[in-house]
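The next block is protein-v2.pdb, given as PDB, C-alpha atoms.
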```pdb
ATOM      1  CA  MET A   1      15.463  24.140  13.174
ATOM      2  CA  LYS A   2      16.877  23.112   9.798
ATOM      3  CA  ILE A   3      14.437  20.787   8.044
ATOM      4  CA  VAL A   4      15.339  18.943   4.827
ATOM      5  CA  ASN A   5      12.907  16.838   2.803
ATOM      6  CA  ILE A   6      14.758  14.657   0.285
ATOM      7  CA  ASP A   7      11.624  12.842  -1.067
ATOM      8  CA  ALA A   8       9.085  15.597  -1.616
ATOM      9  CA  HIS A   9       7.582  14.956  -5.042
ATOM     10  CA  THR A  10       5.317  11.963  -4.442
ATOM     11  CA  THR A  11       3.753  13.544  -1.352
ATOM     12  CA  ASN A  12       3.356  16.935  -2.981
ATOM     13  CA  PRO A  13       3.989  17.210  -6.737
ATOM     14  CA  GLY A  14       2.766  20.799  -6.606
ATOM     15  CA  ASP A  15      -0.933  20.579  -5.782
ATOM     16  CA  LEU A  16      -0.492  21.023  -2.008
ATOM     17  CA  SER A  17       1.266  23.589   0.178
ATOM     18  CA  TRP A  18       4.458  23.279   2.195
ATOM     19  CA  ASP A  19       3.568  26.336   4.294
ATOM     20  CA  GLY A  20       2.935  24.209   7.382
ATOM     21  CA  MET A  21       6.458  22.803   7.260
ATOM     22  CA  LYS A  22       7.957  26.230   6.591
ATOM     23  CA  ARG A  23       6.233  27.473   9.739
ATOM     24  CA  LEU A  24       8.242  24.990  11.804
ATOM     25  CA  GLY A  25      11.721  25.980  10.681
ATOM     26  CA  ASP A  26      14.135  26.567   7.830
ATOM     27  CA  TYR A  27      12.558  24.168   5.334
ATOM     28  CA  THR A  28      14.254  22.932   2.170
ATOM     29  CA  TYR A  29      12.817  20.264  -0.102
ATOM     30  CA  TYR A  30      14.040  18.224  -3.046
ATOM     31  CA  ASP A  31      11.641  16.389  -5.342
ATOM     32  CA  ARG A  32      13.937  13.380  -5.639
ATOM     33  CA  THR A  33      17.301  12.433  -4.177
ATOM     34  CA  SER A  34      19.641   9.679  -5.350
ATOM     35  CA  PRO A  35      21.481   7.613  -2.725
ATOM     36  CA  SER A  36      24.747   9.400  -3.540
ATOM     37  CA  GLN A  37      23.132  12.810  -2.903
ATOM     38  CA  ILE A  38      21.592  12.121   0.503
ATOM     39  CA  ILE A  39      24.507  13.065   2.729
ATOM     40  CA  GLU A  40      25.358  16.195   0.749
ATOM     41  CA  ARG A  41      21.780  17.475   0.768
ATOM     42  CA  ALA A  42      20.956  16.497   4.343
ATOM     43  CA  LYS A  43      24.228  17.578   5.974
ATOM     44  CA  GLY A  44      23.536  19.918   8.878
ATOM     45  CA  ALA A  45      19.820  19.098   9.034
ATOM     46  CA  ASN A  46      18.214  18.759  12.435
ATOM     47  CA  ALA A  47      15.118  17.136  10.939
ATOM     48  CA  LEU A  48      15.204  14.862   7.906
ATOM     49  CA  ILE A  49      11.986  14.097   6.016
ATOM     50  CA  VAL A  50      12.040  10.945   3.855
ATOM     51  CA  ASN A  51       9.754   8.553   2.025
ATOM     52  CA  LYS A  52      11.540   5.820   0.072
ATOM     53  CA  SER A  53      15.172   6.922   0.454
ATOM     54  CA  ILE A  54      17.175   4.322   2.381
ATOM     55  CA  ILE A  55      18.719   5.770   5.540
ATOM     56  CA  THR A  56      21.552   3.454   6.565
ATOM     57  CA  LYS A  57      23.869   3.355   9.528
ATOM     58  CA  GLU A  58      26.556   5.023   7.411
ATOM     59  CA  ILE A  59      24.242   7.883   6.491
ATOM     60  CA  LEU A  60      23.160   8.315  10.098
ATOM     61  CA  ASP A  61      26.803   8.490  11.196
ATOM     62  CA  ALA A  62      27.521  11.093   8.521
ATOM     63  CA  LEU A  63      24.583  13.266   9.599
ATOM     64  CA  SER A  64      25.318  13.094  13.340
ATOM     65  CA  PRO A  65      25.345  14.844  15.702
ATOM     66  CA  GLU A  66      23.193  17.538  14.062
ATOM     67  CA  LEU A  67      20.435  15.146  13.011
ATOM     68  CA  GLU A  68      17.944  14.577  15.832
ATOM     69  CA  TYR A  69      14.712  13.701  14.056
ATOM     70  CA  ILE A  70      13.573  11.673  11.034
ATOM     71  CA  GLY A  71      10.019  12.082   9.823
ATOM     72  CA  LEU A  72       8.698   9.427   7.480
ATOM     73  CA  GLN A  73       6.081  10.352   4.872
ATOM     74  CA  SER A  74       4.728   6.820   5.090
ATOM     75  CA  THR A  75       3.368   4.209   7.460
ATOM     76  CA  GLY A  76       6.184   1.746   6.764
ATOM     77  CA  TYR A  77       9.529   2.529   8.346
ATOM     78  CA  ASN A  78      11.834  -0.248   7.141
ATOM     79  CA  VAL A  79      13.778   2.275   5.005
ATOM     80  CA  VAL A  80      15.418   3.639   8.167
ATOM     81  CA  ASP A  81      17.847   1.790  10.463
ATOM     82  CA  CYS A  82      15.604   2.609  13.397
ATOM     83  CA  GLU A  83      17.565   0.727  16.046
ATOM     84  CA  TYR A  84      20.794   2.513  15.199
ATOM     85  CA  ALA A  85      18.952   5.821  15.042
ATOM     86  CA  LYS A  86      17.758   5.117  18.580
ATOM     87  CA  GLU A  87      21.350   4.487  19.691
ATOM     88  CA  LEU A  88      22.266   7.911  18.313
ATOM     89  CA  GLY A  89      19.307   9.543  20.059
ATOM     90  CA  ILE A  90      17.471  10.222  16.803
ATOM     91  CA  THR A  91      13.675  10.078  17.011
ATOM     92  CA  VAL A  92      11.918   8.422  14.062
ATOM     93  CA  THR A  93       8.189   8.938  13.428
ATOM     94  CA  ASN A  94       5.771   7.568  10.840
ATOM     95  CA  ILE A  95       2.297   8.381   9.497
ATOM     96  CA  PRO A  96      -0.149   5.730  10.750
ATOM     97  CA  SER A  97      -3.626   5.044   9.384
ATOM     98  CA  TYR A  98      -3.752   8.001   6.987
ATOM     99  CA  SER A  99      -4.643   5.960   3.895
ATOM    100  CA  THR A 100      -7.189   3.502   5.260
ATOM    101  CA  ASN A 101     -10.131   4.703   3.186
ATOM    102  CA  ALA A 102      -8.121   5.160  -0.008
ATOM    103  CA  VAL A 103      -6.496   1.722   0.062
ATOM    104  CA  ALA A 104      -9.779  -0.036   0.809
ATOM    105  CA  GLN A 105     -11.324   1.906  -2.072
ATOM    106  CA  LEU A 106      -8.687   0.631  -4.502
ATOM    107  CA  VAL A 107      -9.208  -2.929  -3.293
ATOM    108  CA  PHE A 108     -12.825  -2.671  -4.376
ATOM    109  CA  ALA A 109     -11.854  -0.938  -7.596
ATOM    110  CA  PHE A 110      -9.881  -4.084  -8.433
ATOM    111  CA  ILE A 111     -12.703  -6.354  -7.284
ATOM    112  CA  LEU A 112     -15.351  -4.538  -9.308
ATOM    113  CA  GLN A 113     -13.121  -4.352 -12.354
ATOM    114  CA  VAL A 114     -12.820  -8.136 -12.314
ATOM    115  CA  THR A 115     -16.428  -8.963 -11.422
ATOM    116  CA  ASN A 116     -18.077  -6.423 -13.746
ATOM    117  CA  GLU A 117     -15.433  -6.293 -16.502
ATOM    118  CA  VAL A 118     -15.941  -2.547 -16.870
ATOM    119  CA  THR A 119     -12.952  -1.877 -19.135
ATOM    120  CA  LEU A 120     -13.692  -4.841 -21.416
ATOM    121  CA  HIS A 121     -17.290  -3.792 -22.023
ATOM    122  CA  SER A 122     -16.583  -0.085 -22.293
ATOM    123  CA  ASP A 123     -13.965  -0.794 -24.949
ATOM    124  CA  ALA A 124     -16.413  -3.079 -26.775
ATOM    125  CA  VAL A 125     -19.048  -0.335 -26.880
ATOM    126  CA  LYS A 126     -16.530   2.222 -28.144
ATOM    127  CA  ASN A 127     -15.418  -0.255 -30.811
ATOM    128  CA  GLY A 128     -18.973  -0.349 -32.176
ATOM    129  CA  GLU A 129     -20.063  -3.756 -30.887
ATOM    130  CA  TRP A 130     -23.210  -2.408 -29.203
ATOM    131  CA  CYS A 131     -24.170  -0.468 -32.314
ATOM    132  CA  THR A 132     -24.293  -3.689 -34.324
ATOM    133  CA  CYS A 133     -25.749  -5.906 -31.600
ATOM    134  CA  PRO A 134     -29.199  -7.403 -32.364
ATOM    135  CA  ASP A 135     -30.099  -7.286 -28.665
ATOM    136  CA  PHE A 136     -30.388  -4.417 -26.187
ATOM    137  CA  CYS A 137     -27.445  -5.828 -24.189
ATOM    138  CA  PHE A 138     -24.547  -8.249 -24.411
ATOM    139  CA  TRP A 139     -21.669  -9.437 -22.255
ATOM    140  CA  LYS A 140     -18.316 -10.736 -23.397
ATOM    141  CA  LYS A 141     -17.402 -12.573 -20.198
ATOM    142  CA  PRO A 142     -19.460 -13.948 -17.305
ATOM    143  CA  LEU A 143     -20.325 -11.269 -14.741
ATOM    144  CA  THR A 144     -20.277 -11.953 -11.015
ATOM    145  CA  GLU A 145     -22.398 -10.750  -8.115
ATOM    146  CA  LEU A 146     -20.485 -10.230  -4.852
ATOM    147  CA  ALA A 147     -23.343 -11.045  -2.477
ATOM    148  CA  GLY A 148     -22.767 -14.472  -0.959
ATOM    149  CA  LYS A 149     -19.166 -14.701  -2.127
ATOM    150  CA  THR A 150     -16.323 -15.202   0.355
ATOM    151  CA  ILE A 151     -13.518 -12.682   0.743
ATOM    152  CA  GLY A 152     -10.371 -13.675   2.641
ATOM    153  CA  ILE A 153      -8.484 -10.849   4.336
ATOM    154  CA  ILE A 154      -4.880 -11.481   5.384
ATOM    155  CA  GLY A 155      -4.073  -8.983   8.121
ATOM    156  CA  PHE A 156      -6.638  -7.130  10.221
ATOM    157  CA  GLY A 157      -5.227  -3.689  10.926
ATOM    158  CA  SER A 158      -7.135  -0.529  10.092
ATOM    159  CA  ILE A 159      -7.152  -1.228   6.337
ATOM    160  CA  GLY A 160      -8.103  -4.878   6.685
ATOM    161  CA  GLN A 161     -10.942  -3.884   8.989
ATOM    162  CA  ARG A 162     -12.183  -1.248   6.532
ATOM    163  CA  VAL A 163     -12.130  -3.776   3.700
ATOM    164  CA  ALA A 164     -14.133  -6.125   5.927
ATOM    165  CA  ARG A 165     -16.700  -3.404   6.578
ATOM    166  CA  LEU A 166     -17.096  -2.699   2.850
ATOM    167  CA  SER A 167     -17.341  -6.436   2.181
ATOM    168  CA  GLU A 168     -20.102  -6.722   4.741
ATOM    169  CA  ALA A 169     -21.985  -3.958   2.931
ATOM    170  CA  PHE A 170     -21.848  -6.135  -0.205
ATOM    171  CA  ASP A 171     -23.330  -9.056   1.803
ATOM    172  CA  MET A 172     -20.143 -11.084   1.526
ATOM    173  CA  ARG A 173     -18.846 -13.728   3.879
ATOM    174  CA  VAL A 174     -15.604 -12.436   5.442
ATOM    175  CA  LEU A 175     -12.756 -14.721   6.502
ATOM    176  CA  VAL A 176      -9.808 -13.160   8.308
ATOM    177  CA  TYR A 177      -6.365 -14.512   9.076
ATOM    178  CA  THR A 178      -4.267 -12.630  11.607
ATOM    179  CA  PRO A 179      -1.504 -14.075  13.795
ATOM    180  CA  ARG A 180      -2.646 -11.999  16.772
ATOM    181  CA  PRO A 181      -6.184 -12.029  18.184
ATOM    182  CA  LYS A 182      -8.236  -8.948  17.326
ATOM    183  CA  ASP A 183     -11.612  -7.556  18.247
ATOM    184  CA  LYS A 184     -14.153  -7.816  15.418
ATOM    185  CA  GLY A 185     -15.072  -4.164  15.856
ATOM    186  CA  GLY A 186     -18.782  -4.899  15.567
ATOM    187  CA  LEU A 187     -18.431  -6.682  12.223
ATOM    188  CA  LYS A 188     -20.999  -9.482  12.285
ATOM    189  CA  SER A 189     -19.783 -11.312   9.182
ATOM    190  CA  VAL A 190     -16.124 -11.685  10.196
ATOM    191  CA  GLU A 191     -14.860 -15.198  10.898
ATOM    192  CA  PHE A 192     -11.281 -15.613  12.131
ATOM    193  CA  THR A 193      -9.627 -18.668  10.650
ATOM    194  CA  ASP A 194      -6.309 -20.273   9.771
ATOM    195  CA  ILE A 195      -4.471 -19.357   6.589
ATOM    196  CA  ASP A 196      -5.134 -22.683   4.834
ATOM    197  CA  THR A 197      -8.895 -22.412   5.331
ATOM    198  CA  LEU A 198      -8.855 -18.814   4.099
ATOM    199  CA  LEU A 199      -6.899 -19.732   0.974
ATOM    200  CA  SER A 200      -9.061 -22.713   0.073
ATOM    201  CA  GLU A 201     -12.501 -21.208   0.745
ATOM    202  CA  SER A 202     -12.134 -17.606  -0.465
ATOM    203  CA  ASP A 203     -13.346 -16.328  -3.822
ATOM    204  CA  ILE A 204     -11.272 -13.181  -3.330
ATOM    205  CA  ILE A 205      -8.057 -12.981  -1.293
ATOM    206  CA  THR A 206      -6.616  -9.617  -0.328
ATOM    207  CA  CYS A 207      -3.376  -8.905   1.563
ATOM    208  CA  HIS A 208      -3.181  -6.216   4.240
ATOM    209  CA  CYS A 209      -0.228  -7.406   6.278
ATOM    210  CA  PRO A 210       3.107  -5.714   7.042
ATOM    211  CA  LEU A 211       6.305  -7.030   5.474
ATOM    212  CA  THR A 212       8.062  -9.211   8.046
ATOM    213  CA  ASP A 213      10.204 -12.331   7.964
ATOM    214  CA  GLU A 214       6.971 -14.308   8.338
ATOM    215  CA  THR A 215       5.073 -12.588   5.520
ATOM    216  CA  ARG A 216       7.868 -12.275   2.963
ATOM    217  CA  GLY A 217       6.945 -14.610   0.110
ATOM    218  CA  LEU A 218       3.728 -15.617   1.880
ATOM    219  CA  ILE A 219       1.946 -15.879  -1.458
ATOM    220  CA  ASN A 220       4.007 -18.484  -3.286
ATOM    221  CA  LYS A 221       3.621 -21.610  -5.404
ATOM    222  CA  ASP A 222       2.450 -23.705  -2.456
ATOM    223  CA  THR A 223      -0.047 -21.208  -1.038
ATOM    224  CA  ILE A 224      -1.428 -20.351  -4.481
ATOM    225  CA  ALA A 225      -2.014 -24.079  -5.079
ATOM    226  CA  LYS A 226      -4.471 -24.007  -2.172
ATOM    227  CA  MET A 227      -6.616 -21.313  -3.823
ATOM    228  CA  LYS A 228      -9.658 -21.914  -5.993
ATOM    229  CA  LYS A 229      -9.101 -21.776  -9.750
ATOM    230  CA  THR A 230     -11.738 -19.046  -9.790
ATOM    231  CA  ALA A 231     -10.008 -17.024  -7.065
ATOM    232  CA  VAL A 232      -9.051 -13.377  -7.461
ATOM    233  CA  PHE A 233      -5.896 -12.284  -5.625
ATOM    234  CA  ILE A 234      -5.287  -8.668  -4.566
ATOM    235  CA  ASN A 235      -2.214  -7.107  -2.983
ATOM    236  CA  THR A 236      -2.059  -3.520  -1.780
ATOM    237  CA  SER A 237       0.315  -4.206   1.121
ATOM    238  CA  ARG A 238       3.962  -4.812   0.189
ATOM    239  CA  GLY A 239       5.284  -6.281  -3.041
ATOM    240  CA  SER A 240       7.619  -8.738  -1.345
ATOM    241  CA  VAL A 241       4.684 -10.535   0.249
ATOM    242  CA  VAL A 242       4.295 -12.173  -3.166
ATOM    243  CA  ASP A 243       6.545 -14.519  -5.136
ATOM    244  CA  GLU A 244       5.970 -12.696  -8.414
ATOM    245  CA  LYS A 245       7.024 -15.511 -10.742
ATOM    246  CA  ALA A 246       4.769 -17.976  -8.931
ATOM    247  CA  LEU A 247       1.826 -15.599  -9.235
ATOM    248  CA  ALA A 248       2.523 -14.916 -12.922
ATOM    249  CA  ASP A 249       2.754 -18.653 -13.613
ATOM    250  CA  ALA A 250      -0.526 -19.273 -11.798
ATOM    251  CA  LEU A 251      -2.307 -16.595 -13.831
ATOM    252  CA  ASN A 252      -0.889 -17.797 -17.140
ATOM    253  CA  ASN A 253      -1.740 -21.430 -16.355
ATOM    254  CA  GLY A 254      -5.281 -20.642 -15.213
ATOM    255  CA  ASP A 255      -4.585 -21.816 -11.666
ATOM    256  CA  ILE A 256      -6.336 -18.651 -10.404
ATOM    257  CA  SER A 257      -8.532 -16.330 -12.428
ATOM    258  CA  ALA A 258      -7.180 -12.803 -11.886
ATOM    259  CA  ALA A 259      -5.016 -10.523  -9.785
ATOM    260  CA  GLY A 260      -5.017  -6.854  -8.833
ATOM    261  CA  LEU A 261      -1.725  -5.397  -7.622
ATOM    262  CA  ASP A 262      -0.782  -1.901  -6.474
ATOM    263  CA  VAL A 263       2.684  -2.906  -5.235
ATOM    264  CA  LEU A 264       5.597  -4.852  -6.671
ATOM    265  CA  GLU A 265       8.807  -6.121  -5.126
ATOM    266  CA  THR A 266      10.874  -3.583  -7.066
ATOM    267  CA  GLU A 267       9.435  -0.132  -7.752
ATOM    268  CA  PRO A 268       9.345   1.341 -10.323
ATOM    269  CA  ALA A 269       8.606  -1.939 -12.064
ATOM    270  CA  LYS A 270      11.383  -3.676 -13.971
ATOM    271  CA  LYS A 271      10.625  -4.271 -17.649
ATOM    272  CA  ASP A 272      11.216  -8.008 -17.244
ATOM    273  CA  ASN A 273       8.796  -8.428 -14.330
ATOM    274  CA  PRO A 274       6.695 -11.468 -15.340
ATOM    275  CA  LEU A 275       3.534  -9.922 -13.939
ATOM    276  CA  LEU A 276       3.573  -7.149 -16.558
ATOM    277  CA  THR A 277       2.616  -9.693 -19.217
ATOM    278  CA  ALA A 278       0.629 -12.142 -17.078
ATOM    279  CA  LYS A 279      -2.956 -12.945 -18.051
ATOM    280  CA  ASN A 280      -5.776 -11.132 -16.238
ATOM    281  CA  CYS A 281      -3.355  -9.142 -14.114
ATOM    282  CA  TYR A 282      -4.273  -5.542 -13.291
ATOM    283  CA  ILE A 283      -1.397  -3.410 -11.969
ATOM    284  CA  THR A 284      -1.496   0.172 -10.732
ATOM    285  CA  PRO A 285       1.684   2.159  -9.932
ATOM    286  CA  HIS A 286       1.481   2.237  -6.107
ATOM    287  CA  ILE A 287      -1.357   4.779  -6.123
ATOM    288  CA  ALA A 288      -3.640   3.471  -3.381
ATOM    289  CA  TRP A 289      -2.396   6.228  -1.071
ATOM    290  CA  ALA A 290      -2.224   8.989  -3.666
ATOM    291  CA  ALA A 291      -5.663  10.639  -3.637
ATOM    292  CA  LYS A 292      -5.320  14.362  -2.963
ATOM    293  CA  GLU A 293      -7.411  14.118   0.194
ATOM    294  CA  THR A 294      -5.204  11.283   1.439
ATOM    295  CA  ARG A 295      -1.994  13.196   0.781
ATOM    296  CA  GLU A 296      -3.449  16.267   2.504
ATOM    297  CA  ARG A 297      -4.066  14.094   5.554
ATOM    298  CA  LEU A 298      -0.528  12.700   5.353
ATOM    299  CA  LEU A 299       0.971  16.190   5.123
ATOM    300  CA  LYS A 300      -1.027  17.390   8.105
ATOM    301  CA  ILE A 301       0.138  14.467  10.249
ATOM    302  CA  LEU A 302       3.714  14.995   9.037
ATOM    303  CA  GLU A 303       3.526  18.597  10.304
ATOM    304  CA  GLN A 304       1.892  17.543  13.564
ATOM    305  CA  ASN A 305       4.563  14.894  14.172
ATOM    306  CA  LEU A 306       7.383  17.394  13.786
ATOM    307  CA  GLU A 307       5.614  20.052  15.826
ATOM    308  CA  ALA A 308       4.947  17.574  18.619
ATOM    309  CA  TYR A 309       8.638  16.635  18.636
ATOM    310  CA  ILE A 310       9.710  20.281  18.764
ATOM    311  CA  ASN A 311       7.329  20.815  21.683
ATOM    312  CA  GLY A 312       8.850  17.878  23.578
ATOM    313  CA  THR A 313       5.831  15.605  23.216
ATOM    314  CA  PRO A 314       6.760  13.334  20.284
ATOM    315  CA  GLN A 315       3.998  11.228  18.752
ATOM    316  CA  ASN A 316       3.928   8.251  16.364
ATOM    317  CA  VAL A 317       7.463   7.300  17.363
ATOM    318  CA  VAL A 318       8.551   3.971  15.868
ATOM    319  CA  ASN A 319      11.907   3.558  17.668
ATOM    320  CA  LYS A 320      11.087   4.182  21.331
TER     321      LYS A 320
END
```
Show the structure stored in the file as structure tokens.
Amino acid sequence: MKIVNIDAHTTNPGDLSWDGMKRLGDYTYYDRTSPSQIIERAKGANALIVNKSIITKEILDALSPELEYIGLQSTGYNVVDCEYAKELGITVTNIPSYSTNAVAQLVFAFILQVTNEVTLHSDAVKNGEWCTCPDFCFWKKPLTELAGKTIGIIGFGSIGQRVARLSEAFDMRVLVYTPRPKDKGGLKSVEFTDIDTLLSESDIITCHCPLTDETRGLINKDTIAKMKKTAVFINTSRGSVVDEKALADALNNGDISAAGLDVLETEPAKKDNPLLTAKNCYITPHIAWAAKETRERLLKILEQNLEAYINGTPQNVVNK
């Protein structure tokens, strides 16, 4: 089997091994591939491995009939025209639930950064402010204890549930909005509610929903207006869930207190993105999934998906 990976670098920039993929066939990988290079590089491949490259109907036509399998190095699969791939008999698989722990960890990194102001106080100490302080301690901004605070979780898949579990460990009240009923999974503090109640009562709001027609622009001027002025907003789901100008305006006007974002609508970020200069806005470059242990897990599932397909027992198929 001829296997071509056109998006290899982010999954494995050199600290992991491709030996598992090489075991499954004639494996070629490219760190990055521009849209104009996809057909040339992937021509003749039986299995195409992608991450963020857009695989359109035109590309699928150009790679047929040799192409029979597309393996995504991600949970999301909107970069592939899955329905048309199905028409052509091309199986498309994804990597579900590989980053649950890592994403939930970053959510709390944002939360603790805001509530404990770690960077602000560390910088103050390094600038000599503690050395000249007449007291044994000082704080430059009010600090916040999480116990008793309310966290609102939008979406209750594996990541949302893990965030809820961590929140429970901090003795927080947990509100959850999900359009489909879910089991609480033994979480005693979880309360399912409507979106308006979640927005108005939560001290922290965190998004863990997929990008759909219903969730695109879910966080906008109107929904932000329902939040507390002291609210902290976090998004580690998809950038397009947020109206970025509305969020930037809210931060700059003091309508909410802070935001932590790991995703933006356009990535890499555009220089004129208003969130880059918004007040109290912490942005990381889509790294929630990028811990080495997380990428090792992703790579293992990627290999297992392809091997299962080769063996005639495909798993994690997204276009059945």
Of the candidates A:Ile55, A:Ile49, A:Val241, A:Ile283, which shows the shortest atom-to-atom distance to A:Asp31, using only C-alpha atoms? A:Ile49
With the PyMOL selection byres ((chain A and resi 66) around 10) as the selection, what would be picked from this file? Answer as a ChimeraX atom specification, please. /A:2,43-47,62-65,67-69,90
I'd like the residues picked by the PyMOL selection byres ((chain A and resi 304) around 10) written out as a list in words, using the chain letters and numbers from the file.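 What the PyMOL selection byres ((chain A and resi 304) around 10) grabs from the file is Gly20, Met21, Leu24, Leu298, Leu299, Lys300, Ile301, Leu302, Glu303, Asn305, Leu306, Glu307, Ala308, Tyr309, Ile310, Pro314, Gln315 and Asn316 of chain A.
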Near stretch 245-256 of chain A, counting only C-alpha atoms, which residues have an atom at most 12 Å away, once you skip same-chain residues fewer than 5 positions from it, shown as number ranges by chain? A: 199-200, 202-205, 217-235, 239-240, 261, 264-265, 272-282
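Pairwise distance (atom CA of A:His286, atom CA of A:Ser237) equals 9.8 Å.
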What are the centre and edge lengths in Å, to one decimal, of the axis-aligned box around all listed atoms of stretch 278-287 of chain A with 6 Å added on each side, as lines of an AutoDock Vina configuration file?
```
center_x = -2.0
center_y = -4.1
center_z = -12.1
size_x = 19.5
size_y = 29.7
size_z = 23.9
```
Gap from atom CA of A:Ile70 to atom CA of A:Thr93 - Å, one decimal: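 Atom CA of A:Thr93 lies 6.5 Å from atom CA of A:Ile70.
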Atom CA of A:Leu48 to atom CA of A:Ala102: how many Å, to one decimal?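 Straight-line distance from atom CA of A:Leu48 to atom CA of A:Ala102 works out to 26.5 Å.
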Given the PyMOL selection byres ((chain A and resi 160) around 9) and the file above, list the residues it selects as a ChimeraX atom specification. /A:100,104,153-159,161-165,176,206-209
Taking 6 positions as the minimum chain separation for residues in the same chain, which residues sit within 7 Å of stretch 78-81 of chain A when counting only C-alpha atoms? Answer as a compact mmCIF listing (two decimals) with C-alpha atoms, in the frame of the given file.
```txt
# COMPACT_ATOMS: atom_id res chain seq x y z
CA LYS A 52 11.54 5.82 0.07
CA SER A 53 15.17 6.92 0.45
CA ILE A 54 17.18 4.32 2.38
CA ILE A 55 18.72 5.77 5.54
CA THR A 56 21.55 3.45 6.56
CA LYS A 57 23.87 3.36 9.53
```
At a cut-off of 10 Å, using only C-alpha atoms, what residues contact A:Ala291? Leave out same-chain residues fewer than 4 positions from it and give the result as a ChimeraX atom specification. /A:99,102-103,287,295-297
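With only C-alpha atoms as the basis for measurement, A:Asn5 is the residue among A:Gln37, A:Thr11, A:Thr91, A:Asn5 that approaches A:Val50 most closely.
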With N, CA, C and O atoms as the target, complete stretch 116-129 of chain A and hand it back as a PDB file, in the frame of the given file.
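Once everything was written out, this is rebuild-v2.pdb:
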```
ATOM      1  N   ASN A 116     -17.186  -7.090 -12.790  1.00  0.00           N
ATOM      2  CA  ASN A 116     -18.077  -6.423 -13.746  1.00  0.00           C
ATOM      3  C   ASN A 116     -17.446  -6.185 -15.114  1.00  0.00           C
ATOM      4  O   ASN A 116     -18.144  -5.784 -16.047  1.00  0.00           O
ATOM      5  N   GLU A 117     -16.137  -6.433 -15.219  1.00  0.00           N
ATOM      6  CA  GLU A 117     -15.433  -6.293 -16.502  1.00  0.00           C
ATOM      7  C   GLU A 117     -15.746  -4.947 -17.166  1.00  0.00           C
ATOM      8  O   GLU A 117     -16.104  -4.848 -18.347  1.00  0.00           O
ATOM      9  N   VAL A 118     -15.580  -3.890 -16.400  1.00  0.00           N
ATOM     10  CA  VAL A 118     -15.941  -2.547 -16.870  1.00  0.00           C
ATOM     11  C   VAL A 118     -15.125  -2.142 -18.094  1.00  0.00           C
ATOM     12  O   VAL A 118     -15.680  -1.686 -19.113  1.00  0.00           O
ATOM     13  N   THR A 119     -13.815  -2.295 -18.025  1.00  0.00           N
ATOM     14  CA  THR A 119     -12.952  -1.877 -19.135  1.00  0.00           C
ATOM     15  C   THR A 119     -13.261  -2.671 -20.397  1.00  0.00           C
ATOM     16  O   THR A 119     -13.366  -2.102 -21.495  1.00  0.00           O
ATOM     17  N   LEU A 120     -13.421  -3.979 -20.266  1.00  0.00           N
ATOM     18  CA  LEU A 120     -13.692  -4.841 -21.416  1.00  0.00           C
ATOM     19  C   LEU A 120     -14.963  -4.391 -22.143  1.00  0.00           C
ATOM     20  O   LEU A 120     -14.981  -4.250 -23.378  1.00  0.00           O
ATOM     21  N   HIS A 121     -16.017  -4.129 -21.399  1.00  0.00           N
ATOM     22  CA  HIS A 121     -17.290  -3.792 -22.023  1.00  0.00           C
ATOM     23  C   HIS A 121     -17.332  -2.346 -22.508  1.00  0.00           C
ATOM     24  O   HIS A 121     -17.950  -2.049 -23.542  1.00  0.00           O
ATOM     25  N   SER A 122     -16.666  -1.464 -21.809  1.00  0.00           N
ATOM     26  CA  SER A 122     -16.583  -0.085 -22.293  1.00  0.00           C
ATOM     27  C   SER A 122     -15.827  -0.021 -23.619  1.00  0.00           C
ATOM     28  O   SER A 122     -16.248   0.660 -24.560  1.00  0.00           O
ATOM     29  N   ASP A 123     -14.730  -0.755 -23.693  1.00  0.00           N
ATOM     30  CA  ASP A 123     -13.965  -0.794 -24.949  1.00  0.00           C
ATOM     31  C   ASP A 123     -14.805  -1.404 -26.077  1.00  0.00           C
ATOM     32  O   ASP A 123     -14.753  -0.940 -27.228  1.00  0.00           O
ATOM     33  N   ALA A 124     -15.582  -2.434 -25.758  1.00  0.00           N
ATOM     34  CA  ALA A 124     -16.413  -3.079 -26.775  1.00  0.00           C
ATOM     35  C   ALA A 124     -17.453  -2.099 -27.333  1.00  0.00           C
ATOM     36  O   ALA A 124     -17.695  -2.043 -28.549  1.00  0.00           O
ATOM     37  N   VAL A 125     -18.061  -1.320 -26.443  1.00  0.00           N
ATOM     38  CA  VAL A 125     -19.048  -0.335 -26.880  1.00  0.00           C
ATOM     39  C   VAL A 125     -18.392   0.709 -27.780  1.00  0.00           C
ATOM     40  O   VAL A 125     -18.914   1.060 -28.853  1.00  0.00           O
ATOM     41  N   LYS A 126     -17.219   1.198 -27.353  1.00  0.00           N
ATOM     42  CA  LYS A 126     -16.530   2.222 -28.144  1.00  0.00           C
ATOM     43  C   LYS A 126     -16.056   1.676 -29.485  1.00  0.00           C
ATOM     44  O   LYS A 126     -15.900   2.444 -30.446  1.00  0.00           O
ATOM     45  N   ASN A 127     -15.833   0.372 -29.551  1.00  0.00           N
ATOM     46  CA  ASN A 127     -15.418  -0.255 -30.811  1.00  0.00           C
ATOM     47  C   ASN A 127     -16.597  -0.564 -31.738  1.00  0.00           C
ATOM     48  O   ASN A 127     -16.422  -1.145 -32.812  1.00  0.00           O
ATOM     49  N   GLY A 128     -17.806  -0.198 -31.314  1.00  0.00           N
ATOM     50  CA  GLY A 128     -18.973  -0.349 -32.176  1.00  0.00           C
ATOM     51  C   GLY A 128     -19.766  -1.619 -31.996  1.00  0.00           C
ATOM     52  O   GLY A 128     -20.749  -1.845 -32.714  1.00  0.00           O
ATOM     53  N   GLU A 129     -19.381  -2.467 -31.021  1.00  0.00           N
ATOM     54  CA  GLU A 129     -20.063  -3.756 -30.887  1.00  0.00           C
ATOM     55  C   GLU A 129     -21.518  -3.621 -30.426  1.00  0.00           C
ATOM     56  O   GLU A 129     -22.362  -4.441 -30.789  1.00  0.00           O
TER      57      GLU A 129
END
```
